[in-house]
Protein chains: 2
Amino acid sequence: MKLGDGVEAAIHCCAVLAGTGQDATISAGDLAEHHGVSASYLVKHLKRLVAEGILESVPGPAGGYRLGRAAEAITLADIVLAVEGREPAFRCANIRRRGPSPLPDDAYLRPCGIAAAMLSAERAYREALQKTRLSDLVTEFLETSDPRVLERGCAFVERARRPQPASG
Amino acid sequence: MKLGDGVEAAIHCCAVLAGTGQDATISAGDLAEHHGVSASYLVKHLKRLVAEGILESVPGPAGGYRLGRAAEAITLADIVLAVEGREPAFRCANIRRRGPSPLPDDAYLRPCGIAAAMLSAERAYREALQKTRLSDLVTEFLETSDPRVLERGCAFVERARRPQPASG
């Protein structure tokens with residue numbers, strides 16, 4: 001099972017923007033530099049987060065990204081599914097129906113038990129991701145990080161934040 | 001999140017071999033034909049199942065594959081991890097440490113909370129897969145399949161099974 005590289009960057013960006021607050025944005029270039037990833041790579045994932053309403057994009061040279069809703073209303077499942085898509089990880093090609101001596105459609109009215117079990121495990125994964133809110137991650141970060149890490153993060157946000165009029 | 005194509009074929013082959021019993025094998029060629037996949041593609045996955053002890057390979061022209069242990073002792077997690085590998089789906093590249101103004105190692109003694117939450121959800125997925133035994137899938141198949149599907153499956157096993165001396 002594999003998740004794309006973009007998931008880690010997307011979650012970290014959302015966490016930074018949760019710390020930034022909704023009265024300011026940070027540019028894709030600053031987010032990319034802070035996380036040591038290419039801006040073009042990052043923008044692809046940020047756009048997916050915007051499409052799902054997790055982030056909001058403020059256009060223009062003084063614009064950037066901010067959370068699209070409160071950090072309490074964003075879960076890890078929201079972010080992972082926005083970046084990776086909602087397709088199940090298990091791809092059922094219905095191989096039970098392949099091979100010689102095929103049977104008609106009405107012999108397969110029940111879903112394949114193998115596919116059903118695989119998809120049930122995926123539901124458990126997504127439910128676990130739904131239990132972690134972005135706000136939980138930020139709280140845990142603030143409460144448990146080394147003071148030097150906190151200071152570096154705060155210094156970045158102070159330098160990179162671009163004050164904006166209140167959201168829509 | 002993505003699983004490789006081989007997972008579906010691997011689980012179906014294990015289910016067929018559970019129905020075959022451990023006193024006989026089925027060749028990779030017959031398993032491939034029955035599932036409508038290429039034999040060379042399938043052998044790659046069967047070898048991984050053998051490496052994990054889920055299947056046993058009997059060499060020679062009259063050989064083939066059989067379960068390496070009882071179907072009650074094989075879970076979906078065993079099969080999926082054998083085919084896909086044990087690496088976590090979430091790849092933590094430690095991007096929290098990238099970017100300008102790097103901090104020394106001892107500022108990061110605690111694991112990243114984001115990685116911890118992602119890996120915790122993966123544990124939930126694997127635990128769900130562990131709860132489904134191969135024997136459960138076979139029982140469900142026998143109890144719920146259309147009679148024509150059962151007949152087709154039994155006819156295949158009768159035709160393809162190669163009696164063998166008892167295992168090890």
# chains A, B, ... in the order shown; residues from 1 in each chain; ligands from 1
$ interface_residues --of "chain A" --to "chain B" --cutoff "6 Å" --atoms "only C-alpha atoms" --output "CSV table (one decimal) with all heavy atoms, in the first residue's frame"
chain,number,residue,atom,x,y,z
A,1,MET,N,0.8,-1.2,0.0
A,1,MET,CA,0.0,0.0,0.0
A,1,MET,C,0.9,1.2,0.0
A,1,MET,O,1.9,1.3,0.7
A,1,MET,CB,-0.9,0.0,1.2
A,1,MET,CG,-1.9,1.1,1.2
A,1,MET,SD,-3.3,0.9,2.4
A,1,MET,CE,-2.5,1.3,3.9
A,2,LYS,N,0.6,2.2,-0.9
A,2,LYS,CA,1.4,3.4,-1.0
A,2,LYS,C,0.6,4.6,-1.0
A,2,LYS,O,-0.5,4.7,-1.6
A,2,LYS,CB,2.2,3.3,-2.2
A,2,LYS,CG,3.3,2.2,-2.2
A,2,LYS,CD,4.2,2.2,-3.4
A,2,LYS,CE,5.2,1.0,-3.3
A,2,LYS,NZ,4.5,-0.3,-3.2
A,3,LEU,N,1.1,5.6,-0.3
A,3,LEU,CA,0.5,7.0,-0.4
A,3,LEU,C,1.5,7.8,-1.2
A,3,LEU,O,2.7,7.6,-1.0
A,3,LEU,CB,0.3,7.6,1.0
A,3,LEU,CG,-0.9,7.0,1.8
A,3,LEU,CD1,-0.7,7.5,3.3
A,3,LEU,CD2,-2.2,7.6,1.3
A,33,GLU,N,9.5,26.7,0.5
A,33,GLU,CA,10.9,26.9,1.0
A,33,GLU,C,11.0,26.4,2.4
A,33,GLU,O,12.0,25.7,2.8
A,33,GLU,CB,11.3,28.4,0.9
A,33,GLU,CG,12.7,28.7,1.3
A,33,GLU,CD,13.0,30.1,1.6
A,33,GLU,OE1,12.1,31.0,1.6
A,33,GLU,OE2,14.2,30.5,1.7
A,34,HIS,N,10.0,26.7,3.2
A,34,HIS,CA,10.0,26.3,4.6
A,34,HIS,C,10.1,24.7,4.7
A,34,HIS,O,10.7,24.2,5.7
A,34,HIS,CB,8.8,26.8,5.3
A,34,HIS,CG,8.7,26.5,6.8
A,34,HIS,ND1,9.7,26.9,7.7
A,34,HIS,CD2,7.9,25.7,7.5
A,34,HIS,CE1,9.4,26.4,8.9
A,34,HIS,NE2,8.3,25.7,8.8
A,35,HIS,N,9.4,24.1,3.8
A,35,HIS,CA,9.4,22.6,3.9
A,35,HIS,C,10.4,21.9,3.0
A,35,HIS,O,10.5,20.7,2.9
A,35,HIS,CB,8.0,22.1,3.5
A,35,HIS,CG,7.0,22.5,4.6
A,35,HIS,ND1,6.0,23.4,4.3
A,35,HIS,CD2,6.8,22.1,5.8
A,35,HIS,CE1,5.3,23.6,5.4
A,35,HIS,NE2,5.7,22.8,6.3
A,36,GLY,N,11.2,22.7,2.3
A,36,GLY,CA,12.3,22.2,1.5
A,36,GLY,C,11.8,21.3,0.3
A,36,GLY,O,12.4,20.3,-0.1
A,89,ALA,N,-8.2,2.0,-2.4
A,89,ALA,CA,-6.8,1.5,-2.6
A,89,ALA,C,-6.9,0.2,-3.3
A,89,ALA,O,-6.1,-0.2,-4.2
A,89,ALA,CB,-6.0,1.4,-1.3
A,90,PHE,N,-7.9,-0.6,-2.9
A,90,PHE,CA,-8.0,-2.0,-3.5
A,90,PHE,C,-8.8,-1.8,-4.8
A,90,PHE,O,-9.9,-1.3,-4.8
A,90,PHE,CB,-8.8,-2.9,-2.5
A,90,PHE,CG,-9.0,-4.3,-3.1
A,90,PHE,CD1,-8.0,-5.2,-3.2
A,90,PHE,CD2,-10.3,-4.6,-3.5
A,90,PHE,CE1,-8.2,-6.4,-3.7
A,90,PHE,CE2,-10.5,-5.9,-4.0
A,90,PHE,CZ,-9.5,-6.8,-4.1
A,95,ILE,N,-11.9,-10.2,-11.2
A,95,ILE,CA,-11.2,-11.4,-11.8
A,95,ILE,C,-12.0,-12.7,-11.5
A,95,ILE,O,-11.8,-13.7,-12.2
A,95,ILE,CB,-9.7,-11.5,-11.4
A,95,ILE,CG1,-9.5,-11.9,-10.0
A,95,ILE,CG2,-8.9,-10.3,-11.8
A,95,ILE,CD1,-8.1,-12.2,-9.7
A,98,ARG,N,-13.4,-13.6,-14.8
A,98,ARG,CA,-12.6,-13.9,-15.9
A,98,ARG,C,-12.3,-15.3,-16.2
A,98,ARG,O,-12.8,-16.2,-15.4
A,98,ARG,CB,-11.2,-13.2,-15.7
A,98,ARG,CG,-11.3,-11.6,-15.7
A,98,ARG,CD,-9.9,-11.1,-15.9
A,98,ARG,NE,-9.7,-9.7,-15.6
A,98,ARG,CZ,-8.6,-9.2,-15.2
A,98,ARG,NH1,-7.5,-9.9,-15.1
A,98,ARG,NH2,-8.5,-7.9,-14.9
A,99,GLY,N,-11.5,-15.7,-17.2
A,99,GLY,CA,-11.1,-17.1,-17.4
A,99,GLY,C,-12.2,-17.8,-18.3
A,99,GLY,O,-13.2,-17.2,-18.7
A,107,ALA,N,-25.3,-14.5,-12.3
A,107,ALA,CA,-24.7,-15.4,-11.4
A,107,ALA,C,-23.8,-14.7,-10.3
A,107,ALA,O,-23.3,-15.3,-9.4
A,107,ALA,CB,-23.8,-16.4,-12.1
A,121,ALA,N,-11.8,-3.0,5.4
A,121,ALA,CA,-10.5,-2.6,6.1
A,121,ALA,C,-10.2,-1.2,5.8
A,121,ALA,O,-9.7,-0.4,6.6
A,121,ALA,CB,-9.4,-3.5,5.8
A,124,ALA,N,-12.0,1.2,7.9
A,124,ALA,CA,-11.4,1.3,9.2
A,124,ALA,C,-10.2,2.3,9.2
A,124,ALA,O,-10.0,3.1,10.1
A,124,ALA,CB,-10.9,0.0,9.7
A,125,TYR,N,-9.5,2.3,8.1
A,125,TYR,CA,-8.4,3.3,7.9
A,125,TYR,C,-8.9,4.7,7.9
A,125,TYR,O,-8.4,5.6,8.6
A,125,TYR,CB,-7.6,2.9,6.6
A,125,TYR,CG,-6.5,3.8,6.3
A,125,TYR,CD1,-5.4,3.9,7.0
A,125,TYR,CD2,-6.6,4.6,5.1
A,125,TYR,CE1,-4.3,4.8,6.7
A,125,TYR,CE2,-5.5,5.4,4.7
A,125,TYR,CZ,-4.4,5.5,5.5
A,125,TYR,OH,-3.4,6.3,5.2
A,128,ALA,N,-10.2,6.0,11.1
A,128,ALA,CA,-9.1,6.4,12.0
A,128,ALA,C,-8.6,7.7,11.6
A,128,ALA,O,-8.3,8.6,12.5
A,128,ALA,CB,-8.0,5.3,12.0
A,129,LEU,N,-8.4,8.0,10.4
A,129,LEU,CA,-8.0,9.3,9.9
A,129,LEU,C,-9.0,10.4,10.2
A,129,LEU,O,-8.6,11.5,10.5
A,129,LEU,CB,-7.7,9.3,8.4
A,129,LEU,CG,-6.5,8.5,7.9
A,129,LEU,CD1,-6.5,8.6,6.3
A,129,LEU,CD2,-5.2,9.0,8.5
A,146,ASP,N,10.0,20.7,21.1
A,146,ASP,CA,11.2,21.3,21.7
A,146,ASP,C,11.1,22.9,21.5
A,146,ASP,O,10.6,23.3,20.4
A,146,ASP,CB,12.5,20.8,20.9
A,146,ASP,CG,13.7,21.4,21.5
A,146,ASP,OD1,14.1,22.5,21.2
A,146,ASP,OD2,14.4,20.6,22.3
$ residues_around --residues "B:Pro61" --least-positions-apart "2" --cutoff "12 Å" --atoms "only C-alpha atoms" --output "PyMOL selection string"
chain B and resi 25-29+57-59+63-65+162
$ write_last_selection --atoms "N, CA and C atoms" --output "short mmCIF file (atom, residue, chain, number, x, y, z; two decimals), in the first residue's frame"
data_model
loop_
_atom_site.label_atom_id
_atom_site.label_comp_id
_atom_site.auth_asym_id
_atom_site.auth_seq_id
_atom_site.Cartn_x
_atom_site.Cartn_y
_atom_site.Cartn_z
N THR B 25 -1.73 -29.90 -5.55
CA THR B 25 -1.29 -28.57 -5.97
C THR B 25 -2.05 -28.17 -7.24
N ILE B 26 -1.92 -26.89 -7.57
CA ILE B 26 -2.40 -26.39 -8.87
C ILE B 26 -1.24 -25.60 -9.47
N SER B 27 -1.04 -25.75 -10.77
CA SER B 27 0.09 -25.06 -11.41
C SER B 27 -0.21 -23.58 -11.56
N ALA B 28 0.88 -22.79 -11.67
CA ALA B 28 0.72 -21.35 -11.90
C ALA B 28 -0.04 -21.10 -13.20
N GLY B 29 0.24 -21.93 -14.21
CA GLY B 29 -0.44 -21.76 -15.49
C GLY B 29 -1.94 -21.93 -15.37
N SER B 57 5.57 -24.25 -2.65
CA SER B 57 5.76 -24.56 -4.06
C SER B 57 6.34 -25.97 -4.18
N VAL B 58 5.69 -26.81 -4.98
CA VAL B 58 6.22 -28.15 -5.25
C VAL B 58 6.86 -28.09 -6.64
N PRO B 59 8.18 -28.29 -6.73
CA PRO B 59 8.85 -28.10 -8.02
C PRO B 59 8.56 -29.24 -8.99
N GLY B 63 4.32 -30.43 -10.42
CA GLY B 63 4.23 -29.68 -9.16
C GLY B 63 3.16 -28.61 -9.21
N GLY B 64 3.44 -27.53 -8.52
CA GLY B 64 2.47 -26.43 -8.46
C GLY B 64 2.48 -25.81 -7.07
N TYR B 65 1.36 -25.19 -6.73
CA TYR B 65 1.25 -24.47 -5.46
C TYR B 65 0.15 -25.06 -4.59
N ARG B 162 -3.48 -31.47 -8.77
CA ARG B 162 -2.46 -32.49 -9.00
C ARG B 162 -2.13 -33.13 -7.65
#
$ select_by_dssp --residues "stretch 23-168 of chain B" --states "strand (DSSP E or B)" --output "ChimeraX atom specification"
/B:24-26,55-58,64-67,75,133,162-163
$ select_by_dssp --residues "stretch 59-123 of chain A" --states "alpha helix (DSSP H)" --output "PyMOL selection string"
chain A and resi 76-84+113-123
$ write_last_selection --atoms "all heavy atoms" --output "CSV table (one decimal), in the first residue's frame"
chain,number,residue,atom,x,y,z
A,76,LEU,N,-7.6,14.6,9.3
A,76,LEU,CA,-6.6,14.0,8.4
A,76,LEU,C,-7.2,13.3,7.2
A,76,LEU,O,-6.7,13.3,6.1
A,76,LEU,CB,-5.8,12.9,9.2
A,76,LEU,CG,-4.6,13.5,10.0
A,76,LEU,CD1,-3.8,12.3,10.6
A,76,LEU,CD2,-3.6,14.2,9.0
A,77,ALA,N,-8.4,12.7,7.4
A,77,ALA,CA,-9.1,12.0,6.3
A,77,ALA,C,-9.4,13.0,5.2
A,77,ALA,O,-9.2,12.8,4.0
A,77,ALA,CB,-10.4,11.4,6.7
A,78,ASP,N,-9.8,14.3,5.6
A,78,ASP,CA,-10.1,15.3,4.6
A,78,ASP,C,-8.9,15.6,3.7
A,78,ASP,O,-9.0,15.7,2.5
A,78,ASP,CB,-10.6,16.6,5.3
A,78,ASP,CG,-11.9,16.5,6.0
A,78,ASP,OD1,-12.7,15.6,5.6
A,78,ASP,OD2,-12.1,17.2,7.0
A,79,ILE,N,-7.8,15.7,4.4
A,79,ILE,CA,-6.5,16.1,3.7
A,79,ILE,C,-6.0,15.0,2.8
A,79,ILE,O,-5.7,15.2,1.6
A,79,ILE,CB,-5.4,16.6,4.7
A,79,ILE,CG1,-5.9,17.8,5.5
A,79,ILE,CG2,-4.1,16.9,4.0
A,79,ILE,CD1,-5.0,18.1,6.7
A,80,VAL,N,-6.0,13.8,3.4
A,80,VAL,CA,-5.5,12.6,2.6
A,80,VAL,C,-6.3,12.3,1.4
A,80,VAL,O,-5.8,12.1,0.3
A,80,VAL,CB,-5.4,11.4,3.5
A,80,VAL,CG1,-5.0,10.1,2.7
A,80,VAL,CG2,-4.3,11.6,4.6
A,81,LEU,N,-7.6,12.4,1.6
A,81,LEU,CA,-8.5,12.1,0.4
A,81,LEU,C,-8.5,13.2,-0.6
A,81,LEU,O,-8.6,12.9,-1.8
A,81,LEU,CB,-9.9,11.8,0.9
A,81,LEU,CG,-10.1,10.6,1.8
A,81,LEU,CD1,-11.6,10.4,2.2
A,81,LEU,CD2,-9.7,9.3,1.1
A,82,ALA,N,-8.3,14.4,-0.2
A,82,ALA,CA,-8.2,15.5,-1.1
A,82,ALA,C,-6.9,15.3,-2.0
A,82,ALA,O,-7.0,15.5,-3.2
A,82,ALA,CB,-8.1,16.9,-0.4
A,83,VAL,N,-5.8,14.9,-1.4
A,83,VAL,CA,-4.6,14.8,-2.1
A,83,VAL,C,-4.5,13.5,-2.9
A,83,VAL,O,-4.1,13.5,-4.1
A,83,VAL,CB,-3.4,14.8,-1.2
A,83,VAL,CG1,-2.1,14.5,-1.9
A,83,VAL,CG2,-3.3,16.2,-0.5
A,84,GLU,N,-5.0,12.4,-2.4
A,84,GLU,CA,-4.9,11.1,-3.0
A,84,GLU,C,-6.1,10.7,-3.9
A,84,GLU,O,-6.0,9.8,-4.6
A,84,GLU,CB,-4.7,10.0,-1.9
A,84,GLU,CG,-3.4,10.1,-1.2
A,84,GLU,CD,-2.3,9.5,-2.1
A,84,GLU,OE1,-2.3,8.3,-2.4
A,84,GLU,OE2,-1.4,10.3,-2.5
A,113,GLY,N,-16.9,-11.4,-1.9
A,113,GLY,CA,-16.5,-11.4,-0.5
A,113,GLY,C,-15.1,-10.8,-0.3
A,113,GLY,O,-14.8,-10.2,0.8
A,114,ILE,N,-14.2,-11.1,-1.2
A,114,ILE,CA,-12.8,-10.6,-1.1
A,114,ILE,C,-12.8,-9.1,-1.2
A,114,ILE,O,-12.2,-8.4,-0.3
A,114,ILE,CB,-11.9,-11.3,-2.1
A,114,ILE,CG1,-11.7,-12.8,-1.8
A,114,ILE,CG2,-10.6,-10.6,-2.2
A,114,ILE,CD1,-11.1,-13.6,-2.9
A,115,ALA,N,-13.5,-8.6,-2.2
A,115,ALA,CA,-13.5,-7.1,-2.3
A,115,ALA,C,-14.2,-6.5,-1.1
A,115,ALA,O,-13.7,-5.5,-0.6
A,115,ALA,CB,-14.2,-6.7,-3.6
A,116,ALA,N,-15.3,-7.1,-0.7
A,116,ALA,CA,-16.0,-6.5,0.5
A,116,ALA,C,-15.1,-6.5,1.7
A,116,ALA,O,-15.1,-5.5,2.5
A,116,ALA,CB,-17.2,-7.4,0.8
A,117,ALA,N,-14.3,-7.5,2.0
A,117,ALA,CA,-13.4,-7.5,3.1
A,117,ALA,C,-12.3,-6.5,3.0
A,117,ALA,O,-11.9,-5.8,4.0
A,117,ALA,CB,-12.8,-8.9,3.3
A,118,MET,N,-11.8,-6.3,1.8
A,118,MET,CA,-10.7,-5.4,1.6
A,118,MET,C,-11.2,-3.9,1.8
A,118,MET,O,-10.6,-3.1,2.4
A,118,MET,CB,-10.1,-5.5,0.2
A,118,MET,CG,-9.3,-6.8,0.0
A,118,MET,SD,-7.9,-6.9,1.0
A,118,MET,CE,-6.9,-5.6,0.4
A,119,LEU,N,-12.4,-3.7,1.3
A,119,LEU,CA,-13.0,-2.3,1.4
A,119,LEU,C,-13.4,-2.0,2.8
A,119,LEU,O,-13.4,-0.9,3.3
A,119,LEU,CB,-14.2,-2.2,0.4
A,119,LEU,CG,-13.8,-2.3,-1.0
A,119,LEU,CD1,-15.0,-2.2,-1.9
A,119,LEU,CD2,-12.8,-1.2,-1.4
A,120,SER,N,-13.8,-3.1,3.6
A,120,SER,CA,-14.2,-2.9,5.0
A,120,SER,C,-12.9,-2.4,5.8
A,120,SER,O,-13.0,-1.5,6.6
A,120,SER,CB,-14.7,-4.2,5.5
A,120,SER,OG,-14.8,-4.1,6.9
A,121,ALA,N,-11.8,-3.0,5.4
A,121,ALA,CA,-10.5,-2.6,6.1
A,121,ALA,C,-10.2,-1.2,5.8
A,121,ALA,O,-9.7,-0.4,6.6
A,121,ALA,CB,-9.4,-3.5,5.8
A,122,GLU,N,-10.4,-0.8,4.5
A,122,GLU,CA,-10.2,0.6,4.2
A,122,GLU,C,-11.1,1.6,4.9
A,122,GLU,O,-10.7,2.7,5.2
A,122,GLU,CB,-10.3,0.8,2.6
A,122,GLU,CG,-9.2,0.3,1.9
A,122,GLU,CD,-9.2,0.7,0.4
A,122,GLU,OE1,-9.4,1.9,0.1
A,122,GLU,OE2,-9.0,-0.2,-0.4
A,123,ARG,N,-12.3,1.2,5.2
A,123,ARG,CA,-13.2,2.0,6.0
A,123,ARG,C,-12.6,2.2,7.4
A,123,ARG,O,-12.7,3.3,7.9
A,123,ARG,CB,-14.6,1.4,6.0
A,123,ARG,CG,-15.5,1.8,4.8
A,123,ARG,CD,-16.9,1.5,5.1
A,123,ARG,NE,-17.2,0.1,5.3
A,123,ARG,CZ,-17.3,-0.9,4.4
A,123,ARG,NH1,-17.2,-0.5,3.1
A,123,ARG,NH2,-17.5,-2.1,4.7
$ calpha_fit_and_write --fixed "chain B" --moving "chain A" --output "compact mmCIF listing (two decimals) with C-alpha atoms, in the first residue's frame"
# COMPACT_ATOMS: atom_id res chain seq x y z
CA MET A 1 -3.72 5.35 -1.35
CA LYS A 2 -3.06 2.57 -3.78
CA LEU A 3 -2.60 -1.17 -3.64
CA GLY A 4 -0.94 -3.02 -6.51
CA ASP A 5 -2.99 -5.02 -9.00
CA GLY A 6 -1.44 -8.21 -7.69
CA VAL A 7 -3.34 -8.15 -4.41
CA GLU A 8 -6.66 -9.21 -5.92
CA ALA A 9 -5.11 -12.10 -7.87
CA ALA A 10 -3.07 -13.23 -4.86
CA ILE A 11 -6.11 -13.42 -2.58
CA HIS A 12 -8.20 -15.25 -5.18
CA CYS A 13 -5.40 -17.78 -5.75
CA CYS A 14 -5.09 -18.40 -2.01
CA ALA A 15 -8.86 -18.92 -1.80
CA VAL A 16 -8.81 -21.42 -4.66
CA LEU A 17 -5.88 -23.28 -3.07
CA ALA A 18 -7.74 -23.35 0.26
CA GLY A 19 -10.52 -25.15 -1.60
CA THR A 20 -8.02 -27.51 -3.21
CA GLY A 21 -6.68 -28.88 0.07
CA GLN A 22 -3.10 -29.55 1.05
CA ASP A 23 -2.89 -33.00 -0.59
CA ALA A 24 -2.74 -31.50 -4.07
CA THR A 25 -1.28 -28.56 -5.96
CA ILE A 26 -2.40 -26.38 -8.88
CA SER A 27 0.09 -25.04 -11.41
CA ALA A 28 0.72 -21.34 -11.90
CA GLY A 29 -0.45 -21.75 -15.50
CA ASP A 30 -3.82 -23.16 -14.45
CA LEU A 31 -4.28 -20.52 -11.73
CA ALA A 32 -3.44 -17.79 -14.25
CA GLU A 33 -5.83 -19.14 -16.89
CA HIS A 34 -8.67 -19.50 -14.38
CA HIS A 35 -8.26 -15.89 -13.26
CA GLY A 36 -7.60 -14.47 -16.72
CA VAL A 37 -4.18 -13.05 -15.84
CA SER A 38 -0.74 -13.72 -17.34
CA ALA A 39 1.23 -16.54 -15.73
CA SER A 40 4.47 -14.53 -15.54
CA TYR A 41 2.61 -11.73 -13.76
CA LEU A 42 1.04 -14.17 -11.36
CA VAL A 43 4.25 -16.10 -10.58
CA LYS A 44 5.87 -12.92 -9.27
CA HIS A 45 3.15 -12.64 -6.63
CA LEU A 46 2.98 -16.37 -5.90
CA LYS A 47 6.71 -16.33 -5.14
CA ARG A 48 6.16 -13.63 -2.54
CA LEU A 49 3.45 -15.74 -0.93
CA VAL A 50 5.85 -18.71 -0.87
CA ALA A 51 8.57 -16.55 0.70
CA GLU A 52 6.19 -15.72 3.54
CA GLY A 53 5.12 -19.33 4.06
CA ILE A 54 1.57 -18.64 2.95
CA LEU A 55 1.99 -20.93 -0.05
CA GLU A 56 4.27 -23.87 -0.65
CA SER A 57 5.76 -24.55 -4.05
CA VAL A 58 6.22 -28.13 -5.24
CA PRO A 59 8.84 -28.09 -8.00
CA GLY A 60 8.80 -30.07 -11.24
CA PRO A 61 6.41 -30.56 -14.14
CA ALA A 62 3.82 -32.29 -11.91
CA GLY A 63 4.23 -29.68 -9.14
CA GLY A 64 2.49 -26.40 -8.45
CA TYR A 65 1.26 -24.46 -5.46
CA ARG A 66 -0.63 -25.34 -2.31
CA LEU A 67 -1.25 -23.57 0.99
CA GLY A 68 1.79 -23.47 3.25
CA ARG A 69 -0.37 -23.70 6.36
CA ALA A 70 -4.05 -24.11 7.24
CA ALA A 71 -6.48 -21.53 5.83
CA GLU A 72 -7.50 -20.74 9.43
CA ALA A 73 -3.91 -19.55 10.07
CA ILE A 74 -3.75 -17.18 7.07
CA THR A 75 -5.24 -13.69 7.29
CA LEU A 76 -5.85 -11.03 4.67
CA ALA A 77 -3.10 -9.02 6.37
CA ASP A 78 -0.64 -11.89 5.75
CA ILE A 79 -1.48 -11.96 2.03
CA VAL A 80 -1.58 -8.18 1.49
CA LEU A 81 1.71 -7.57 3.32
CA ALA A 82 3.40 -10.47 1.50
CA VAL A 83 2.45 -9.00 -1.89
CA GLU A 84 2.84 -5.30 -1.08
CA GLY A 85 5.68 -5.40 1.42
CA ARG A 86 5.71 -4.23 5.01
CA GLU A 87 6.75 -0.64 4.40
CA PRO A 88 4.19 1.86 5.72
CA ALA A 89 2.02 3.51 3.05
CA PHE A 90 2.81 6.90 4.58
CA ARG A 91 6.34 7.91 3.75
CA CYS A 92 7.75 10.37 6.27
CA ALA A 93 10.62 12.24 4.64
CA ASN A 94 11.04 14.27 7.82
CA ILE A 95 10.22 17.48 5.98
CA ARG A 96 9.76 19.09 9.39
CA ARG A 97 13.57 19.24 9.44
CA ARG A 98 14.06 20.65 5.96
CA GLY A 99 14.21 24.29 4.87
CA PRO A 100 16.31 27.23 6.08
CA SER A 101 17.72 27.58 9.62
CA PRO A 102 18.05 23.86 10.38
CA LEU A 103 18.12 22.77 14.02
CA PRO A 104 20.36 20.08 15.54
CA ASP A 105 19.20 16.47 15.91
CA ASP A 106 18.41 16.83 19.60
CA ALA A 107 15.61 19.31 18.84
CA TYR A 108 13.67 16.42 17.26
CA LEU A 109 13.82 13.67 19.84
CA ARG A 110 10.03 13.12 19.73
CA PRO A 111 8.49 11.53 16.64
CA CYS A 112 6.55 13.91 14.40
CA GLY A 113 2.90 13.96 15.50
CA ILE A 114 1.74 13.94 11.88
CA ALA A 115 3.69 10.78 11.07
CA ALA A 116 2.49 9.18 14.31
CA ALA A 117 -1.17 9.86 13.47
CA MET A 118 -0.78 8.55 9.92
CA LEU A 119 0.91 5.35 11.11
CA SER A 120 -1.71 4.84 13.78
CA ALA A 121 -4.42 4.83 11.07
CA GLU A 122 -2.40 2.27 9.13
CA ARG A 123 -2.33 0.05 12.19
CA ALA A 124 -6.14 0.19 12.23
CA TYR A 125 -6.14 -0.92 8.58
CA ARG A 126 -3.81 -3.82 9.21
CA GLU A 127 -5.74 -4.88 12.30
CA ALA A 128 -8.92 -4.96 10.23
CA LEU A 129 -7.17 -7.12 7.62
CA GLN A 130 -5.92 -9.41 10.37
CA LYS A 131 -9.48 -10.09 11.48
CA THR A 132 -10.41 -11.78 8.20
CA ARG A 133 -8.99 -15.29 7.84
CA LEU A 134 -8.72 -17.04 4.50
CA SER A 135 -11.00 -19.72 5.92
CA ASP A 136 -13.66 -17.05 6.60
CA LEU A 137 -13.56 -15.99 2.95
CA VAL A 138 -13.91 -19.58 1.74
CA THR A 139 -16.81 -20.26 4.12
CA GLU A 140 -18.57 -17.08 2.99
CA PHE A 141 -17.98 -18.02 -0.65
CA LEU A 142 -19.41 -21.51 -0.18
CA GLU A 143 -22.43 -20.26 1.76
CA THR A 144 -23.43 -17.31 -0.39
CA SER A 145 -22.35 -17.95 -3.99
CA ASP A 146 -24.73 -18.71 -6.81
CA PRO A 147 -24.78 -22.50 -7.47
CA ARG A 148 -23.40 -21.93 -10.98
CA VAL A 149 -20.39 -20.09 -9.54
CA LEU A 150 -19.75 -22.91 -7.07
CA GLU A 151 -20.05 -25.50 -9.82
CA ARG A 152 -17.62 -23.64 -12.06
CA GLY A 153 -15.11 -23.29 -9.21
CA CYS A 154 -15.36 -26.96 -8.22
CA ALA A 155 -15.03 -28.08 -11.84
CA PHE A 156 -11.85 -26.02 -12.18
CA VAL A 157 -10.30 -27.47 -9.02
CA GLU A 158 -11.26 -31.04 -10.02
CA ARG A 159 -9.65 -30.59 -13.44
CA ALA A 160 -6.53 -28.70 -12.31
CA ARG A 161 -5.61 -30.38 -9.02
CA ARG A 162 -2.45 -32.48 -8.99
CA PRO A 163 -2.32 -34.99 -6.12
CA GLN A 164 0.90 -34.80 -4.10
CA PRO A 165 2.53 -36.62 -1.21
CA ALA A 166 1.77 -35.02 2.16
CA SER A 167 3.60 -31.78 2.91
CA GLY A 168 7.01 -31.74 4.71
